[in-house]
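Here is input-v4.txt, consisting of compact mmCIF, C-alpha atoms:
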# COMPACT_ATOMS: atom_id res chain seq x y z
CA MET A 1 -114.66 -91.03 34.70
CA SER A 2 -111.28 -89.35 35.07
CA LEU A 3 -109.69 -92.35 33.35
CA ALA A 4 -112.01 -91.87 30.37
CA ALA A 5 -111.10 -88.17 30.30
CA ASP A 6 -107.39 -89.02 30.36
CA ILE A 7 -107.75 -91.52 27.52
CA PHE A 8 -109.68 -88.90 25.52
CA THR A 9 -106.89 -86.36 26.18
CA VAL A 10 -104.12 -88.72 25.10
CA LEU A 11 -105.98 -89.75 21.92
CA CYS A 12 -106.70 -86.13 20.96
CA LEU A 13 -103.11 -85.01 21.66
CA LEU A 14 -101.81 -87.87 19.52
CA ALA A 15 -104.18 -86.89 16.70
CA GLY A 16 -102.99 -83.28 17.06
CA LEU A 17 -99.36 -84.39 16.95
CA VAL A 18 -100.01 -86.32 13.71
CA PHE A 19 -101.32 -83.14 12.09
CA PHE A 20 -98.43 -81.03 13.45
CA ALA A 21 -95.90 -83.59 12.17
CA ALA A 22 -97.62 -83.75 8.78
CA GLY A 23 -97.68 -79.96 8.58
CA SER A 24 -93.98 -79.70 9.49
CA ILE A 25 -93.00 -82.37 6.98
CA GLY A 26 -95.13 -80.63 4.36
CA LEU A 27 -93.42 -77.32 5.12
CA ILE A 28 -90.00 -78.87 4.57
CA ARG A 29 -90.74 -81.30 1.73
CA LEU A 30 -93.35 -79.71 -0.52
CA PRO A 31 -91.97 -78.02 -3.63
CA ASP A 32 -93.58 -74.55 -3.89
CA PRO A 33 -94.62 -71.84 -1.41
CA LEU A 34 -98.37 -72.31 -1.86
CA SER A 35 -98.26 -76.07 -1.17
CA ARG A 36 -96.02 -75.45 1.84
CA LEU A 37 -98.49 -72.93 3.23
CA HIS A 38 -101.24 -75.48 2.68
CA GLY A 39 -99.31 -78.00 4.79
CA LEU A 40 -98.52 -75.45 7.46
CA THR A 41 -102.06 -74.16 7.89
CA LYS A 42 -103.39 -77.69 8.37
CA ALA A 43 -101.05 -78.03 11.35
CA ASP A 44 -102.07 -74.60 12.60
CA ASN A 45 -105.79 -75.15 12.66
CA VAL A 46 -106.59 -78.87 12.77
CA GLY A 47 -103.53 -79.86 14.85
CA LEU A 48 -104.07 -77.11 17.39
CA PHE A 49 -107.80 -77.87 17.45
CA PHE A 50 -107.09 -81.46 18.54
CA VAL A 51 -104.57 -80.30 21.15
CA VAL A 52 -107.07 -77.81 22.62
CA LEU A 53 -109.90 -80.36 22.42
CA GLY A 54 -107.75 -82.89 24.23
CA LEU A 55 -106.82 -80.42 26.97
CA LEU A 56 -110.44 -79.30 27.58
CA PRO A 57 -111.23 -82.13 30.08
CA GLN A 58 -108.04 -81.20 31.98
CA ALA A 59 -108.88 -77.48 32.14
CA GLY A 60 -110.35 -77.72 35.63
CA SER A 61 -112.86 -74.90 35.18
CA VAL A 62 -115.27 -73.77 32.49
CA LEU A 63 -113.53 -70.38 32.36
CA ALA A 64 -110.14 -71.95 31.62
CA ALA A 65 -111.73 -74.14 28.93
CA VAL A 66 -113.40 -71.13 27.29
CA LYS A 67 -110.05 -69.28 27.39
CA MET A 68 -108.34 -72.14 25.55
CA LEU A 69 -111.07 -72.17 22.89
CA LEU A 70 -110.70 -68.39 22.48
CA ILE A 71 -106.94 -68.76 22.07
CA TRP A 72 -107.54 -71.37 19.37
CA LEU A 73 -110.01 -69.04 17.64
CA LEU A 74 -107.54 -66.11 17.77
CA LEU A 75 -104.79 -68.28 16.32
CA GLN A 76 -107.18 -69.39 13.57
CA VAL A 77 -107.72 -65.77 12.55
CA ALA A 78 -104.02 -64.89 12.80
CA ALA A 79 -102.77 -68.02 11.00
CA GLY A 80 -105.36 -67.70 8.24
CA THR A 81 -104.45 -64.07 7.62
CA VAL A 82 -100.70 -64.70 7.69
CA ALA A 83 -101.12 -67.58 5.20
CA GLN A 84 -103.15 -65.29 2.94
CA ILE A 85 -100.54 -62.49 3.08
CA LEU A 86 -97.64 -64.90 2.51
CA ALA A 87 -99.48 -66.49 -0.44
CA GLU A 88 -100.12 -63.10 -2.04
CA TYR A 89 -96.48 -62.14 -1.50
CA ALA A 90 -95.29 -65.44 -2.99
CA GLN A 91 -97.50 -64.92 -6.04
CA ALA A 92 -96.26 -61.36 -6.49
CA LEU A 93 -92.65 -62.64 -6.27
CA GLY A 94 -93.40 -65.47 -8.70
CA ARG A 95 -94.87 -63.04 -11.24
CA SER A 96 -91.82 -60.77 -11.06
CA GLY A 97 -89.58 -63.82 -11.62
CA GLY A 98 -87.84 -63.44 -8.26
CA GLY A 99 -89.48 -66.44 -6.60
CA ARG A 100 -86.61 -68.65 -5.62
CA ARG A 101 -87.90 -69.71 -2.23
CA MET B 102 -89.46 -87.16 30.51
CA SER B 103 -89.07 -83.49 31.44
CA LEU B 104 -85.29 -83.94 31.32
CA PHE B 105 -85.65 -85.12 27.71
CA PHE B 106 -87.80 -82.10 26.90
CA ASP B 107 -85.34 -79.70 28.54
CA ALA B 108 -82.40 -81.25 26.69
CA ALA B 109 -84.26 -80.92 23.38
CA LEU B 110 -85.09 -77.30 24.20
CA ILE B 111 -81.47 -76.41 25.04
CA LEU B 112 -80.26 -78.14 21.88
CA LEU B 113 -82.84 -76.23 19.84
CA ALA B 114 -81.77 -72.94 21.46
CA ILE B 115 -78.11 -73.56 20.58
CA VAL B 116 -78.92 -74.59 16.99
CA VAL B 117 -81.15 -71.56 16.40
CA ALA B 118 -78.57 -69.26 18.05
CA LEU B 119 -75.91 -70.55 15.63
CA LYS B 120 -78.39 -70.00 12.80
CA VAL B 121 -78.66 -66.33 13.81
CA VAL B 122 -74.94 -65.70 13.25
CA THR B 123 -74.37 -68.00 10.26
CA GLY B 124 -77.24 -67.01 7.94
CA ARG B 125 -76.45 -66.07 4.36
CA ASP B 126 -78.08 -62.62 4.43
CA PRO B 127 -79.38 -60.16 7.05
CA LEU B 128 -83.02 -61.11 6.42
CA THR B 129 -82.36 -64.82 7.18
CA ASP B 130 -80.42 -63.80 10.30
CA VAL B 131 -83.30 -61.67 11.55
CA ILE B 132 -85.88 -64.41 10.95
CA ALA B 133 -83.63 -66.79 12.90
CA PHE B 134 -83.35 -64.16 15.66
CA ILE B 135 -87.15 -64.00 15.97
CA ALA B 136 -87.31 -67.81 16.15
CA TYR B 137 -84.52 -67.70 18.76
CA GLY B 138 -86.63 -65.31 20.87
CA ILE B 139 -89.54 -67.75 20.76
CA VAL B 140 -87.30 -70.66 21.81
CA LEU B 141 -85.91 -68.50 24.66
CA THR B 142 -89.50 -67.78 25.69
CA LEU B 143 -90.09 -71.53 26.09
CA VAL B 144 -86.88 -71.73 28.15
CA TRP B 145 -88.16 -68.98 30.48
CA VAL B 146 -91.50 -70.80 30.82
CA ARG B 147 -89.61 -73.99 31.77
CA LEU B 148 -87.73 -71.94 34.40
CA ALA B 149 -91.16 -70.85 35.75
CA ALA B 150 -90.32 -67.20 34.96
CA VAL B 151 -93.56 -66.42 33.16
CA ASP B 152 -93.09 -62.64 33.52
CA VAL B 153 -89.75 -62.79 31.74
CA ALA B 154 -91.21 -65.16 29.11
CA LEU B 155 -94.00 -62.69 28.31
CA THR B 156 -91.53 -59.82 27.98
CA GLU B 157 -89.14 -61.94 25.90
CA VAL B 158 -91.79 -62.91 23.36
CA ALA B 159 -93.37 -59.42 23.20
CA VAL B 160 -90.34 -57.13 23.35
CA GLY B 161 -87.30 -59.37 22.77
CA SER B 162 -88.68 -61.37 19.86
CA GLY B 163 -91.64 -59.32 18.58
CA ALA B 164 -90.75 -55.64 18.83
CA THR B 165 -86.98 -56.07 18.46
CA GLY B 166 -87.56 -58.52 15.61
CA LEU B 167 -89.67 -55.95 13.77
CA VAL B 168 -87.04 -53.22 14.28
CA LEU B 169 -84.36 -55.60 12.95
CA LEU B 170 -86.57 -56.60 9.99
CA ARG B 171 -86.79 -52.92 9.03
CA ALA B 172 -83.04 -52.59 9.50
CA ALA B 173 -82.40 -55.70 7.37
CA GLY B 174 -84.55 -54.19 4.64
CA ALA B 175 -82.46 -51.02 4.79
CA ALA B 176 -79.21 -53.04 4.85
CA ALA B 177 -80.22 -54.87 1.66
CA THR B 178 -80.17 -51.57 -0.25
CA ALA B 179 -77.07 -50.20 1.50
CA LYS B 180 -73.89 -49.56 -0.48
CA GLN B 181 -71.24 -52.28 -0.42
CA GLU B 182 -68.64 -50.05 1.28
CA ALA B 183 -71.13 -49.14 4.02
CA ARG B 184 -71.31 -52.78 5.11
CA PRO B 185 -69.06 -54.06 7.90
CA GLY B 186 -65.80 -55.58 6.72
CA ARG B 187 -63.96 -58.60 8.06
CA VAL B 188 -62.20 -56.58 10.79
CA THR B 189 -65.46 -55.12 12.14
CA LYS B 190 -67.15 -58.53 12.07
CA GLY B 191 -64.14 -60.13 13.79
CA LEU B 192 -64.13 -57.47 16.52
CA ALA B 193 -67.89 -57.91 17.05
CA ALA B 194 -67.40 -61.69 17.37
CA LEU B 195 -64.53 -61.14 19.83
CA VAL B 196 -66.57 -58.78 22.02
CA SER B 197 -69.52 -61.22 22.00
CA LEU B 198 -67.21 -64.07 22.98
CA VAL B 199 -65.68 -62.08 25.87
CA VAL B 200 -69.15 -61.10 27.16
CA PHE B 201 -70.27 -64.74 26.88
CA LEU B 202 -67.22 -66.01 28.79
CA LEU B 203 -67.60 -63.39 31.53
CA LEU B 204 -71.31 -64.22 31.93
CA ALA B 205 -70.58 -67.96 31.98
CA ALA B 206 -67.87 -67.42 34.61
CA ALA B 207 -70.24 -65.29 36.69
CA VAL B 208 -73.01 -67.90 36.54
CA LEU B 209 -70.67 -70.79 37.39
CA ALA B 210 -69.00 -68.84 40.21
CA TRP B 211 -72.30 -68.22 42.02
CA PRO B 212 -72.06 -69.14 45.69
CA LYS B 213 -74.19 -72.03 46.93
CA PRO B 214 -76.77 -71.62 48.33
CA GLN B 215 -77.46 -68.72 45.99
CA PRO B 216 -78.11 -65.41 47.72
CA SER B 217 -81.79 -64.54 47.46
CA LEU B 218 -84.01 -61.71 48.56
CA ALA B 219 -87.16 -63.72 47.74
CA LEU B 220 -88.02 -64.19 51.43
CA ALA B 221 -87.64 -60.47 52.17
CA VAL B 222 -89.85 -59.64 49.18
CA ALA B 223 -92.53 -62.10 50.28
CA GLU B 224 -92.44 -60.66 53.80
CA HIS B 225 -92.95 -57.04 52.73
CA LEU B 226 -95.25 -57.61 49.72
CA PRO B 227 -98.54 -57.06 51.63
CA ALA B 228 -97.43 -53.49 52.45
CA THR B 229 -97.42 -52.63 48.72
CA GLY B 230 -101.04 -53.62 48.08
CA LEU B 231 -99.83 -55.86 45.23
CA GLY B 232 -100.18 -59.62 44.82
CA ASN B 233 -97.56 -60.29 42.15
CA PRO B 234 -94.07 -60.30 43.72
CA ILE B 235 -92.47 -59.43 40.34
CA THR B 236 -94.56 -56.26 40.03
CA GLY B 237 -93.80 -55.51 43.68
CA VAL B 238 -90.07 -55.63 42.97
CA LEU B 239 -90.39 -53.65 39.73
CA ILE B 240 -92.63 -50.87 40.98
CA VAL B 241 -91.87 -50.65 44.70
CA PHE B 242 -88.66 -52.29 45.91
CA ARG B 243 -86.55 -51.59 42.84
CA ALA B 244 -88.58 -48.71 41.40
CA LEU B 245 -85.44 -46.83 40.40
CA ASP B 246 -84.43 -49.64 38.01
CA THR B 247 -87.87 -49.58 36.40
CA LEU B 248 -87.74 -45.79 36.04
CA LEU B 249 -84.42 -46.14 34.25
CA GLU B 250 -85.83 -48.92 32.04
CA THR B 251 -88.61 -46.67 30.80
CA VAL B 252 -86.00 -43.96 30.17
CA VAL B 253 -83.85 -46.46 28.24
CA LEU B 254 -86.66 -46.94 25.72
CA LEU B 255 -86.85 -43.17 25.34
CA LEU B 256 -83.07 -42.98 24.82
CA ALA B 257 -83.29 -45.75 22.19
CA LEU B 258 -85.86 -43.70 20.29
CA VAL B 259 -83.73 -40.54 20.53
CA GLY B 260 -80.74 -42.59 19.36
CA ILE B 261 -82.58 -43.89 16.28
CA TRP B 262 -83.85 -40.42 15.40
CA ALA B 263 -80.43 -38.89 15.96
CA LEU B 264 -78.75 -41.42 13.64
CA ALA B 265 -81.03 -40.50 10.73
CA PRO B 266 -79.32 -38.45 8.03
CA ASP B 267 -80.01 -34.72 8.11
CA ARG B 268 -82.34 -33.46 5.45
CA THR B 269 -81.87 -30.11 3.80
CA GLY B 270 -84.69 -27.64 4.10
CA ALA B 271 -86.53 -29.65 6.74
CA ARG B 272 -86.63 -29.30 10.50
CA ALA B 273 -84.78 -32.07 12.27
CA TRP B 274 -86.95 -34.92 13.56
CA SER B 275 -89.98 -33.86 11.56
CA GLY B 276 -91.98 -35.53 8.82
CA THR B 277 -93.39 -39.04 8.56
CA PRO B 278 -91.47 -42.32 8.66
CA ALA B 279 -91.36 -44.52 5.57
CA PRO B 280 -94.41 -46.82 5.23
CA LEU B 281 -94.00 -50.23 6.87
CA SER B 282 -94.78 -52.11 3.68
CA GLY B 283 -94.66 -51.17 0.03
CA MET B 284 -97.51 -53.53 -0.77
CA THR B 285 -101.15 -52.48 -0.67
CA PRO B 286 -102.69 -54.35 2.27
CA SER B 287 -104.89 -57.25 1.24
CA GLY B 288 -108.49 -57.59 2.39
CA ALA B 289 -107.47 -60.29 4.86
CA GLN B 290 -104.91 -57.99 6.46
CA VAL B 291 -107.43 -55.17 6.90
CA LEU B 292 -109.93 -57.63 8.38
CA LEU B 293 -107.29 -58.94 10.80
CA ALA B 294 -106.54 -55.42 12.02
CA GLN B 295 -110.23 -54.67 12.48
CA LEU B 296 -110.84 -57.95 14.32
CA LEU B 297 -107.73 -57.82 16.52
CA LEU B 298 -107.85 -54.16 17.53
CA PRO B 299 -110.60 -54.51 20.18
CA VAL B 300 -109.09 -57.82 21.38
CA GLY B 301 -105.62 -56.25 21.60
CA LEU B 302 -106.87 -53.23 23.53
CA LEU B 303 -108.68 -55.55 25.94
CA VAL B 304 -105.50 -57.62 26.40
CA THR B 305 -103.52 -54.41 27.01
CA VAL B 306 -105.88 -53.27 29.75
CA TYR B 307 -105.96 -56.79 31.20
CA GLN B 308 -102.15 -57.13 31.22
CA PHE B 309 -101.74 -53.81 32.98
CA TRP B 310 -104.56 -54.47 35.47
CA ALA B 311 -103.73 -58.12 36.16
CA GLY B 312 -100.01 -57.32 36.50
CA ALA B 313 -100.67 -56.35 40.10
CA ASN B 314 -101.55 -59.94 41.02
CA VAL B 315 -100.47 -62.39 38.28
CA PRO B 316 -97.62 -62.50 35.75
CA ALA B 317 -98.22 -59.59 33.35
CA GLY B 318 -97.51 -55.90 33.53
CA ALA B 319 -96.86 -52.55 31.95
CA PHE B 320 -94.12 -53.67 29.57
CA GLN B 321 -96.14 -56.59 28.18
CA GLY B 322 -99.30 -54.49 27.94
CA GLY B 323 -97.39 -51.68 26.25
CA ALA B 324 -95.92 -54.13 23.74
CA VAL B 325 -99.42 -55.37 22.81
CA LEU B 326 -100.61 -51.76 22.49
CA GLY B 327 -97.67 -50.94 20.22
CA ALA B 328 -98.40 -54.08 18.15
CA MET B 329 -102.01 -52.95 17.65
CA TRP B 330 -100.77 -49.60 16.35
CA VAL B 331 -98.34 -51.31 13.95
CA LEU B 332 -101.19 -53.59 12.80
CA LEU B 333 -103.36 -50.54 12.02
CA LEU B 334 -100.46 -48.89 10.18
CA LEU B 335 -99.83 -52.08 8.14
CA ALA B 336 -103.51 -52.25 7.17
CA ARG B 337 -103.35 -48.51 6.40
CA LEU B 338 -106.31 -47.90 8.70
CA ALA B 339 -104.28 -45.29 10.60
CA PRO B 340 -102.15 -42.55 9.03
CA LEU B 341 -98.38 -42.56 9.57
CA PRO B 342 -97.60 -40.19 12.45
CA ARG B 343 -95.88 -36.87 11.87
CA LEU B 344 -92.93 -37.01 14.28
CA GLU B 345 -93.08 -33.31 15.19
CA GLN B 346 -96.66 -33.56 16.54
CA PRO B 347 -96.70 -32.25 20.13
CA GLY B 348 -99.32 -34.87 21.07
CA LEU B 349 -96.91 -37.64 20.12
CA ALA B 350 -94.21 -36.19 22.37
CA VAL B 351 -96.70 -36.02 25.25
CA LEU B 352 -97.61 -39.71 24.79
CA VAL B 353 -93.94 -40.75 24.62
CA LEU B 354 -92.94 -38.71 27.69
CA ALA B 355 -96.03 -39.36 29.85
CA GLY B 356 -94.74 -42.62 31.38
CA PRO B 357 -91.19 -41.65 32.36
CA PHE B 358 -92.31 -38.23 33.59
CA ALA B 359 -95.29 -39.55 35.58
CA PHE B 360 -92.86 -41.98 37.21
CA LEU B 361 -90.32 -39.21 37.83
CA ALA B 362 -92.99 -36.85 39.22
CA THR B 363 -94.22 -39.54 41.63
CA GLY B 364 -90.62 -40.16 42.62
CA LEU B 365 -89.99 -36.49 43.39
CA ALA B 366 -93.35 -36.21 45.17
CA GLY B 367 -92.18 -39.11 47.34
CA TRP B 368 -89.93 -36.68 49.19
CA VAL B 369 -92.95 -34.54 50.08
CA TRP B 370 -95.48 -37.19 51.02
CA ALA B 371 -93.34 -40.07 52.25
CA GLY B 372 -89.89 -38.69 52.93
CA GLY B 373 -87.84 -40.31 50.15
CA PHE B 374 -87.31 -40.49 46.39
CA LEU B 375 -89.80 -42.95 44.82
CA ASP B 376 -91.50 -43.63 48.18
CA TYR B 377 -95.24 -44.05 47.86
CA PRO B 378 -97.67 -42.37 50.26
CA GLU B 379 -99.02 -44.71 52.89
CA GLY B 380 -102.56 -46.01 52.31
CA ILE B 381 -102.93 -44.92 48.69
CA GLU B 382 -99.99 -46.85 47.20
CA LYS B 383 -102.22 -48.82 44.85
CA PRO B 384 -104.07 -45.90 43.15
CA VAL B 385 -100.78 -44.04 42.65
CA ILE B 386 -99.10 -47.13 41.22
CA ILE B 387 -102.03 -47.72 38.85
CA VAL B 388 -101.94 -44.14 37.47
CA VAL B 389 -98.17 -44.32 36.93
CA GLU B 390 -98.41 -47.79 35.35
CA ALA B 391 -101.19 -46.64 32.98
CA ALA B 392 -99.01 -43.76 31.78
CA ILE B 393 -96.09 -46.17 31.36
CA VAL B 394 -98.22 -48.60 29.30
CA VAL B 395 -99.20 -45.83 26.86
CA SER B 396 -95.64 -44.49 26.62
CA ILE B 397 -94.13 -47.94 26.07
CA GLY B 398 -96.72 -48.75 23.39
CA VAL B 399 -96.17 -45.51 21.47
CA THR B 400 -92.38 -45.63 21.90
CA LEU B 401 -92.15 -49.25 20.69
CA GLY B 402 -94.32 -48.33 17.69
CA LEU B 403 -92.06 -45.38 16.90
CA LEU B 404 -88.95 -47.57 17.30
CA VAL B 405 -90.39 -49.93 14.69
CA LEU B 406 -91.31 -47.07 12.35
CA GLY B 407 -87.85 -45.53 12.61
CA PRO B 408 -86.83 -42.00 11.67
CA ALA B 409 -88.63 -39.83 9.14
CA GLY B 410 -87.99 -41.07 5.64
CA PRO B 411 -86.44 -38.49 3.33
CA GLN B 412 -88.82 -39.29 0.48
CA ALA B 413 -92.02 -39.16 2.54
CA ALA B 414 -91.64 -35.63 3.92
CA ASP B 415 -89.64 -33.86 1.22
CA ARG B 416 -92.09 -34.67 -1.53
CA PRO B 417 -94.81 -32.03 -1.50
CA GLY B 418 -98.30 -33.51 -1.29
CA ALA B 419 -96.96 -36.95 -0.37
CA ASP B 420 -99.55 -39.66 0.19
CA ALA B 421 -100.54 -39.26 3.82
CA SER B 422 -101.69 -42.85 4.28
Could the structure of this file be written out as structure tokens, please?
Amino acid sequence: MSLAADIFTVLCLLAGLVFFAAGSIGLIRLPDPLSRLHGLTKADNVGLFFVVLGLLPQAGSVLAAVKMLLIWLLLQVAAGTVAQILAEYAQALGRSGGGRR
Amino acid sequence: MSLFFDAALILLAIVVALKVVTGRDPLTDVIAFIAYGIVLTLVWVRLAAVDVALTEVAVGSGATGLVLLRAAGAAATAKQEARPGRVTKGLAALVSLVVFLLLAAAVLAWPKPQPSLALAVAEHLPATGLGNPITGVLIVFRALDTLLETVVLLLALVGIWALAPDRTGARAWSGTPAPLSGMTPSGAQVLLAQLLLPVGLLVTVYQFWAGANVPAGAFQGGAVLGAMWVLLLLARLAPLPRLEQPGLAVLVLAGPFAFLATGLAGWVWAGGFLDYPEGIEKPVIIVVEAAIVVSIGVTLGLLVLGPAGPQAADRPGADAS
């Protein structure tokens, strides 16, 4: 049983890592701010979701598991909002012709 | 495996630290500084110093980063001759290098085994009614240091206000600070503030309450409280404070003065400065800590806001939001 849980954890963490790596590469390689944000937010929500999902069987108690899910939810809200604000700022910069980054 | 992780972390810390001093403009430097604070936080976690890690990420990286971001914004519009020249920069680098070398020498010259009071703290901790040894040291064994730390924040605020240029026809230290952002907050930002405010207040109360037994405490709680205020100000859900409000002064002074009053009362009820009365240590500590949380939160918020902006107060009928 605990072996199955460990395998599940490792698989989920690996899946999470793939998304984090893809997000980081996207942040560095993609050409414009909006595409970069797109890459970054995938890492933020899907990558972190897999990491949290993978750690759930290792949490030890229901309370700790619920806490981890809440942290993921909070980060979802924060990351989504930050992406939105950055995107609006990038568009405002692009319109004024100052968008170099 | 953990050795590999630690090596990567140290390498990352050095690279980001270099990035802080070699950026092409103040804004890049400040962003690197915030990232550096987050890397340092991971270092503290690896050293099992969770209390320090929490403070580093909240105050060192978050609050200080925000203050520096505001300063970088101001520096971008500063006149060329007001910027530091080569001599000033060289002197700053020299002083930093000397401090670094002295610190490195001090760390390397530590006697082995290292002197530690950890056993003494563990032995006397039950007498304080606290479970977290860090809080025990901060509030009981080394209370004087903590009192001075809360006063340092106050001095920083006075320093920032005192450095602001005098304005003609206005009372000193009055008026409202410049808005945090020139942009109208988007719907998402307002929603974030509305969603996070209750969560943040809950975390503040939890940090302050749990600090007695687990890593957390007044400084971390106060930092979260200050962040909630800044969030409300950014979303323009709260008006910018008028610095001359008496209520604001009360909130800023409550913590240091509650601490000081308890300290002085210690002579009456326990026979020494900052001694707590036997039997009711915990309630007294909680009241003082609560006042400190509020004061730290408000002071950090005011540090971020900075001094009153000349344009905001001198323009009659200025937008209050």
Identify all chain B residues at most 7 Å from chain A by counting all atoms listed in the file; ligands do not count. Present them as JSON, numbers by chain. {"B": [289, 290, 293]}
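Closest approach to Met329 (chain B) from the set B:Ala172, B:Ala294, B:Ala193, B:Leu344 is made by B:Ala294, with distances taken over only C-alpha atoms.
The space separating CA of Ala64 (chain A) from CA of Gly138 (chain B) comes to 26.7 Å.
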9 Å contact set for Leu48 (chain A), all atoms listed in the file, chain neighbours under 5 positions out, as a ChimeraX atom specification: /A:16-17,19-20,43,53,72,75
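Atom pair CA of Leu155 (chain B) / CA of Gln321 (chain B) has a distance of 6.5 Å (rounded to one decimal).
Note that the spacing between CA of Gly323 (chain B) and CA of Trp262 (chain B) amounts to 20.7 Å.
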Which residue is closest to Arg36 (chain A)? Choose from A:Ala87, A:Val62, A:Ala21, A:Leu69 and count all atoms listed in the file. A:Ala87
For region 285-293 of chain B, what centre and edge lengths in Å (one decimal) does the axis-aligned box get once 8 Å is added on each side of all its listed atoms, as lines of an AutoDock Vina configuration file?
center_x = -105.5
center_y = -56.4
center_z = 5.1
size_x = 24.8
size_y = 23.8
size_z = 27.5
At a cut-off of 7 Å, using only C-alpha atoms, what residues contact region 349-353 of chain B? Leave out same-chain residues fewer than 6 positions from it and give the result as a list in words. Val395, Ser396, Val399 and Thr400 of chain B
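Around region 274-278 of chain B, within 7 Å and counting only C-alpha atoms, the residues found are Trp262, Leu341, Pro342, Arg343, Leu344, Glu345, Leu406, Gly407, Pro408, Ala409, Gly410, Ala413 and Ala414 of chain B, once anything fewer than 3 positions away on its own chain is removed.
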Got time to write the residues from that selection, C-alpha atoms, as a PDB file, in the coordinates of the input?
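The resulting out-v7.pdb:
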ATOM      1  CA  TRP B 262     -83.850 -40.420  15.400  1.00  0.00           C
ATOM      2  CA  LEU B 341     -98.380 -42.560   9.570  1.00  0.00           C
ATOM      3  CA  PRO B 342     -97.600 -40.190  12.450  1.00  0.00           C
ATOM      4  CA  ARG B 343     -95.880 -36.870  11.870  1.00  0.00           C
ATOM      5  CA  LEU B 344     -92.930 -37.010  14.280  1.00  0.00           C
ATOM      6  CA  GLU B 345     -93.080 -33.310  15.190  1.00  0.00           C
ATOM      7  CA  LEU B 406     -91.310 -47.070  12.350  1.00  0.00           C
ATOM      8  CA  GLY B 407     -87.850 -45.530  12.610  1.00  0.00           C
ATOM      9  CA  PRO B 408     -86.830 -42.000  11.670  1.00  0.00           C
ATOM     10  CA  ALA B 409     -88.630 -39.830   9.140  1.00  0.00           C
ATOM     11  CA  GLY B 410     -87.990 -41.070   5.640  1.00  0.00           C
ATOM     12  CA  ALA B 413     -92.020 -39.160   2.540  1.00  0.00           C
ATOM     13  CA  ALA B 414     -91.640 -35.630   3.920  1.00  0.00           C
TER      14      ALA B 414
END
